[in-house]
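Chemist: Got a structure for you, written out below as structure tokens; questions coming shortly.
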Amino acid sequence: MRRRFIVTGGAGYVGSHLVAALADRGEDVVVLDDLRLGHREAVPSGVKLLEIDLADAPRVDAVLADGPWQAVFHFAARSLVGESMAKPFQYLTENGAVGIRLVEACVRHRVGAFVLSSTANVYGNPQVVPIPEEAPLATTSPYGESKLMVERALHWAGQIHGLPSACLRYFNAAGADPAGRLGEDHTPETHLIPLAIDAALGRAPELVVFGEDYDTPDGTCVRDYVHVTDLAEAHLLALDRLGEGSVTYNLGNGAGYSVREVIRAVEAVGRRRVPARMGPRRPGDPAALVASSARIRRETGWTPRHADLHEMVRTAYAWREGHPHGYRRTAG
Ligand code: UDP
């Protein structure tokens with residue numbers, strides 16, 4: 001029998017890349033997405049898309065009852081640290097409480113496994129870089145807290161009900177499907193690489209660099225960028241590992257790049273200057289976030305195939321240049 005999977009948020013940036021990876025392998029996938037942040041066009045034609053808000057418990061229950069489900073991959077969430085500082089209860093409710101309810105429903109319907117998109121933000125300002133999974137959990141935002149709420153629910157779902165789970169703590173997702181089918185389309189866009197590309201293409205007057213007085217080699221923030229296709233691959237490897245028990249993995253390349261280095265990479269790939277202006281720090285930004293991904297590499301053999309920053313920027317650039325309005329064909 002074909003294995004059946006649910007992907008919540010499968011019409012979003014990282015989720016859609018996992019859906020493509022599952023579909024490419026011939027797996028049976030159902031996407032649950034309310035399309036508030038996701039895009040219908042990001043779901044391949046052979047994949048069933050159910051337009052459901054995860055807060056609508058009876059509808060979610062009905063889908064889960066129609067099992068058996070090998071696993072639920074849970075991506076659907078709000079993911080902006082800054083927004084979470086302004087709207088803490090939206091994050092704690094929509095990501096946290098709704099996520100916990102989903103875990104509970106998965107236990108009730110005997111779903112085989114649960115894979116959570118978590119975040120490096122759970123570590124807050126790390127004391128040790130590269131950050132290992134054992135680092136203290138000291139998030140500084142309701143966004144990170146909302147992911148921790150679901151991680152903790154999964155812990156108890158495993159302890160008490162035997163639901164195996166993988167908590168995958170992403171660092172900075174970047175790039176786009178190398179085949180050009182999918183890309184990053186957020187409204188508004190807040191991420192560095194797409195905004196630097198927009199500035200290079202003249203779609204924005206300039207890029208504002210958020211702070212140049214950090215304690216880093218060039219004064220700008222350092223982040224660990226990891227290609228979305230490599231993230232998707234890590235989900236599949238983590239799932240295969242769950243027969244041996246639940247796991248928590250950091251997903252990053254283990255190499256940090258500063259904002260200035262990213263700008264230089266965008267300039268090199270696009271052969272255009274990125275007009276940039278130095279601005280103040282963005283509240284809540286740690287100076288450096290770099291993963292130790294030794295654990296997932298050791299336990300599953302995961303090796304990022306698109307670890308080179310230029311390669312990540314190249315795929316992002318190609319998609320953004322070809323999709324000036326994202327998945328929509330026209331502006332508006
Ligand atoms: N950044 C910046 N200008 C921008 C957007 C981001 O200087 O317009 C910086 C930001 O301060 C951070 C890095 O780029 O150090 C990556 O930010 P992004 O929002 O892409 O991801 P985050 O690290 O917040 O998940």
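For the structure tokens, the naming scheme is as follows: chains receive sequential letters (A, B, ...) according to their order of presentation, residues are indexed from 1 within each chain, and ligands are indexed from 1 in presentation order.
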Within 10 Å of ligand 1 (counting only C-alpha atoms and all ligand atoms), which residues show up? I'd like them as number ranges by chain.

Modeler: A: 79-82, 119-121, 170-174, 189-196, 199, 206-212, 214, 220-225, 257-260, 262-263, 276-289

Chemist: With a distance cut-off of 8 Å and only C-alpha atoms, select the neighbouring residues of Asn125 (chain A), excluding the residue or stretch itself and same-chain residues fewer than 2 positions from it, and output the selection as a list in words.

Modeler: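 Residues near the query, excluding close chain neighbours: Tyr123, Gln127, Ala138, Thr139, Thr140, Pro286 and Ala287 of chain A.
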
Chemist: Selection from above, all heavy atoms, as an mmCIF file, in the first residue's frame, can you write it?

Modeler:
```
data_model
loop_
_atom_site.group_PDB
_atom_site.id
_atom_site.type_symbol
_atom_site.label_atom_id
_atom_site.label_comp_id
_atom_site.auth_asym_id
_atom_site.auth_seq_id
_atom_site.Cartn_x
_atom_site.Cartn_y
_atom_site.Cartn_z
ATOM 1 N N TYR A 123 16.557 28.936 20.966
ATOM 2 C CA TYR A 123 17.782 29.095 21.758
ATOM 3 C C TYR A 123 18.001 30.533 22.242
ATOM 4 O O TYR A 123 18.864 30.759 23.088
ATOM 5 C CB TYR A 123 19.007 28.666 20.934
ATOM 6 C CG TYR A 123 18.967 27.219 20.504
ATOM 7 C CD1 TYR A 123 18.872 26.878 19.163
ATOM 8 C CD2 TYR A 123 19.021 26.193 21.448
ATOM 9 C CE1 TYR A 123 18.840 25.553 18.757
ATOM 10 C CE2 TYR A 123 18.983 24.864 21.055
ATOM 11 C CZ TYR A 123 18.890 24.548 19.704
ATOM 12 O OH TYR A 123 18.843 23.250 19.307
ATOM 13 N N GLN A 127 24.897 31.009 23.986
ATOM 14 C CA GLN A 127 26.175 31.234 24.670
ATOM 15 C C GLN A 127 27.312 30.560 23.918
ATOM 16 O O GLN A 127 28.451 30.968 24.010
ATOM 17 C CB GLN A 127 26.096 30.696 26.102
ATOM 18 C CG GLN A 127 25.414 31.694 27.022
ATOM 19 C CD GLN A 127 24.635 31.022 28.134
ATOM 20 O OE1 GLN A 127 24.857 29.851 28.436
ATOM 21 N NE2 GLN A 127 23.714 31.763 28.721
ATOM 22 N N ALA A 138 16.155 29.212 25.572
ATOM 23 C CA ALA A 138 16.013 30.533 26.204
ATOM 24 C C ALA A 138 15.487 31.521 25.175
ATOM 25 O O ALA A 138 16.071 32.578 24.939
ATOM 26 C CB ALA A 138 17.367 30.986 26.745
ATOM 27 N N THR A 139 14.380 31.144 24.538
ATOM 28 C CA THR A 139 13.854 32.012 23.481
ATOM 29 C C THR A 139 13.554 33.404 24.012
ATOM 30 O O THR A 139 13.198 33.569 25.189
ATOM 31 C CB THR A 139 12.593 31.404 22.839
ATOM 32 O OG1 THR A 139 12.193 32.255 21.757
ATOM 33 C CG2 THR A 139 11.435 31.278 23.813
ATOM 34 N N THR A 140 13.691 34.370 23.136
ATOM 35 C CA THR A 140 13.415 35.747 23.522
ATOM 36 C C THR A 140 12.175 36.274 22.797
ATOM 37 O O THR A 140 11.958 37.475 22.751
ATOM 38 C CB THR A 140 14.626 36.641 23.179
ATOM 39 O OG1 THR A 140 15.020 36.352 21.835
ATOM 40 C CG2 THR A 140 15.787 36.398 24.118
ATOM 41 N N PRO A 286 19.689 38.346 17.388
ATOM 42 C CA PRO A 286 20.975 37.964 17.987
ATOM 43 C C PRO A 286 22.112 38.249 17.003
ATOM 44 O O PRO A 286 21.893 38.260 15.779
ATOM 45 C CB PRO A 286 20.834 36.457 18.214
ATOM 46 C CG PRO A 286 19.386 36.144 18.009
ATOM 47 C CD PRO A 286 18.829 37.204 17.124
ATOM 48 N N ALA A 287 23.323 38.466 17.526
ATOM 49 C CA ALA A 287 24.459 38.794 16.660
ATOM 50 C C ALA A 287 24.787 37.646 15.708
ATOM 51 O O ALA A 287 24.997 37.853 14.516
ATOM 52 C CB ALA A 287 25.677 39.124 17.516
#
```

Chemist: Using only C-alpha atoms, pick whichever of A:Val269, A:Ile160, A:Val60, A:Ala307 has the shortest atom-to-atom distance to Leu32 (chain A).

Modeler: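 Using only C-alpha atoms, Leu32 (chain A) sits closest to A:Val60.
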
Chemist: CA of Cys167 (chain A) to CA of Val111 (chain A): how many Å, to one decimal?

Modeler: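 Those two atoms sit 16.1 Å apart.
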
Chemist: So which one's closest to Tyr13 (chain A), A:Val47, A:Ala135, A:Ala316, A:Ile296? Using only C-alpha atoms, please.

Modeler: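 Between A:Val47, A:Ala135, A:Ala316, A:Ile296, the residue approaching Tyr13 (chain A) most closely is A:Ala316.
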
Chemist: Can you work out which one of A:Val7, A:Met149, A:Val313, A:Val228 has the shortest atom-to-atom distance to Leu182 (chain A), counting only C-alpha atoms?

Modeler: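 The shortest atom-to-atom distance to Leu182 (chain A) comes from A:Val228.
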
Chemist: From the DSSP assignment of the backbone, select every residue of region 232-307 of chain A that is strand (DSSP E or B), and format the answer as a list of chain:residue names.

Modeler: A:Val247, A:Thr248, A:Tyr249, A:Asn250, A:Leu251, A:Tyr257, A:Ser258, A:Ala276, A:Arg277, A:Met278, A:Gly279, A:Ala288, A:Leu289, A:Ala291

Chemist: Do a neighbour search on Pro164 (chain A) at 10 Å with only C-alpha atoms, toss out local chain neighbours closer than 5 positions, and write the hits as a compact mmCIF listing (two decimals) with all heavy atoms, in the first residue's frame.

Modeler:
```txt
# COMPACT_ATOMS: atom_id res chain seq x y z
N ALA A 71 2.42 9.75 8.52
CA ALA A 71 2.99 10.86 9.30
C ALA A 71 2.28 12.15 8.97
O ALA A 71 1.74 12.31 7.86
CB ALA A 71 4.48 11.01 9.02
N VAL A 111 -2.02 8.50 14.29
CA VAL A 111 -1.08 8.87 13.22
C VAL A 111 0.28 8.25 13.56
O VAL A 111 0.68 8.20 14.73
CB VAL A 111 -0.99 10.42 13.11
CG1 VAL A 111 0.17 10.84 12.21
CG2 VAL A 111 -2.31 10.98 12.60
N GLY A 112 1.01 7.80 12.52
CA GLY A 112 2.25 7.04 12.76
C GLY A 112 3.39 7.86 13.33
O GLY A 112 4.20 7.35 14.11
N ALA A 113 3.48 9.13 12.93
CA ALA A 113 4.62 9.96 13.37
C ALA A 113 4.29 11.42 13.11
O ALA A 113 3.40 11.74 12.31
CB ALA A 113 5.88 9.57 12.62
N PHE A 114 5.04 12.30 13.79
CA PHE A 114 4.79 13.74 13.67
C PHE A 114 6.13 14.43 13.45
O PHE A 114 7.09 14.19 14.19
CB PHE A 114 4.15 14.25 14.96
CG PHE A 114 3.50 15.61 14.87
CD1 PHE A 114 2.12 15.74 14.82
CD2 PHE A 114 4.27 16.77 14.85
CE1 PHE A 114 1.50 16.99 14.76
CE2 PHE A 114 3.67 18.02 14.78
CZ PHE A 114 2.28 18.13 14.74
N VAL A 115 6.20 15.27 12.41
CA VAL A 115 7.45 16.00 12.14
C VAL A 115 7.13 17.49 12.22
O VAL A 115 6.28 17.99 11.48
CB VAL A 115 8.02 15.63 10.75
CG1 VAL A 115 9.33 16.38 10.51
CG2 VAL A 115 8.24 14.12 10.65
N LEU A 154 4.76 17.44 22.05
CA LEU A 154 5.23 16.23 21.37
C LEU A 154 6.03 15.34 22.32
O LEU A 154 5.97 14.11 22.24
CB LEU A 154 6.08 16.61 20.15
CG LEU A 154 5.27 17.11 18.96
CD1 LEU A 154 6.19 17.70 17.90
CD2 LEU A 154 4.41 15.98 18.37
N HIS A 155 6.77 15.98 23.21
CA HIS A 155 7.51 15.19 24.21
C HIS A 155 6.54 14.29 24.98
O HIS A 155 6.75 13.08 25.11
CB HIS A 155 8.26 16.14 25.15
CG HIS A 155 8.81 15.45 26.35
ND1 HIS A 155 9.94 14.66 26.30
CD2 HIS A 155 8.37 15.40 27.63
CE1 HIS A 155 10.18 14.16 27.50
NE2 HIS A 155 9.24 14.60 28.33
N ALA A 157 3.41 13.54 24.19
CA ALA A 157 2.69 12.61 23.30
C ALA A 157 3.54 11.36 23.07
O ALA A 157 3.02 10.25 22.95
CB ALA A 157 2.39 13.29 21.97
N GLY A 158 4.85 11.55 23.04
CA GLY A 158 5.76 10.40 22.89
C GLY A 158 5.85 9.59 24.16
O GLY A 158 5.70 8.36 24.15
N GLN A 159 6.05 10.29 25.30
CA GLN A 159 6.22 9.60 26.57
C GLN A 159 4.98 8.79 26.95
O GLN A 159 5.08 7.66 27.40
CB GLN A 159 6.45 10.63 27.70
CG GLN A 159 7.78 11.35 27.64
CD GLN A 159 8.92 10.46 28.11
OE1 GLN A 159 8.86 9.89 29.17
NE2 GLN A 159 9.93 10.32 27.28
N LEU A 239 12.30 11.37 9.27
CA LEU A 239 11.15 10.47 9.33
C LEU A 239 11.62 9.01 9.34
O LEU A 239 11.16 8.21 10.15
CB LEU A 239 10.24 10.72 8.11
CG LEU A 239 9.04 9.78 8.03
CD1 LEU A 239 8.02 10.14 9.10
CD2 LEU A 239 8.39 9.86 6.64
N ARG A 241 14.19 7.79 10.43
CA ARG A 241 14.92 7.49 11.67
C ARG A 241 13.97 7.25 12.85
O ARG A 241 14.38 6.73 13.89
CB ARG A 241 15.84 8.69 11.93
CG ARG A 241 16.45 8.83 13.25
CD ARG A 241 17.79 8.14 13.30
NE ARG A 241 18.15 7.94 14.69
CZ ARG A 241 19.24 7.35 15.11
NH1 ARG A 241 20.10 6.91 14.25
NH2 ARG A 241 19.48 7.20 16.39
N LEU A 242 12.69 7.64 12.69
CA LEU A 242 11.79 7.63 13.84
C LEU A 242 11.47 6.24 14.38
O LEU A 242 10.99 6.11 15.50
CB LEU A 242 10.49 8.38 13.52
CG LEU A 242 10.68 9.90 13.43
CD1 LEU A 242 9.36 10.59 13.13
CD2 LEU A 242 11.26 10.43 14.73
N GLY A 243 11.77 5.19 13.59
CA GLY A 243 11.60 3.83 14.09
C GLY A 243 12.44 3.61 15.34
O GLY A 243 12.11 2.75 16.18
N GLU A 244 13.51 4.38 15.48
CA GLU A 244 14.39 4.21 16.64
C GLU A 244 14.05 5.17 17.78
O GLU A 244 14.80 5.28 18.75
CB GLU A 244 15.84 4.42 16.21
CG GLU A 244 16.32 3.31 15.29
CD GLU A 244 17.59 3.66 14.57
OE1 GLU A 244 18.58 3.97 15.24
OE2 GLU A 244 17.57 3.65 13.32
N GLY A 245 12.96 5.93 17.64
CA GLY A 245 12.56 6.85 18.71
C GLY A 245 12.58 8.30 18.24
O GLY A 245 13.08 8.61 17.16
N SER A 246 12.04 9.17 19.08
CA SER A 246 11.91 10.58 18.72
C SER A 246 13.26 11.27 18.65
O SER A 246 14.22 10.85 19.31
CB SER A 246 11.03 11.29 19.75
OG SER A 246 9.73 10.75 19.70
N VAL A 247 13.32 12.32 17.84
CA VAL A 247 14.59 13.04 17.66
C VAL A 247 14.35 14.55 17.67
O VAL A 247 13.26 15.03 17.36
CB VAL A 247 15.27 12.67 16.31
CG1 VAL A 247 15.73 11.23 16.32
CG2 VAL A 247 14.36 12.95 15.12
```

Chemist: I'd like the interatomic distance between CA of Val129 (chain A) and CA of Ser292 (chain A), to a tenth of an Å.

Modeler: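 So the answer is 7.8 Å.
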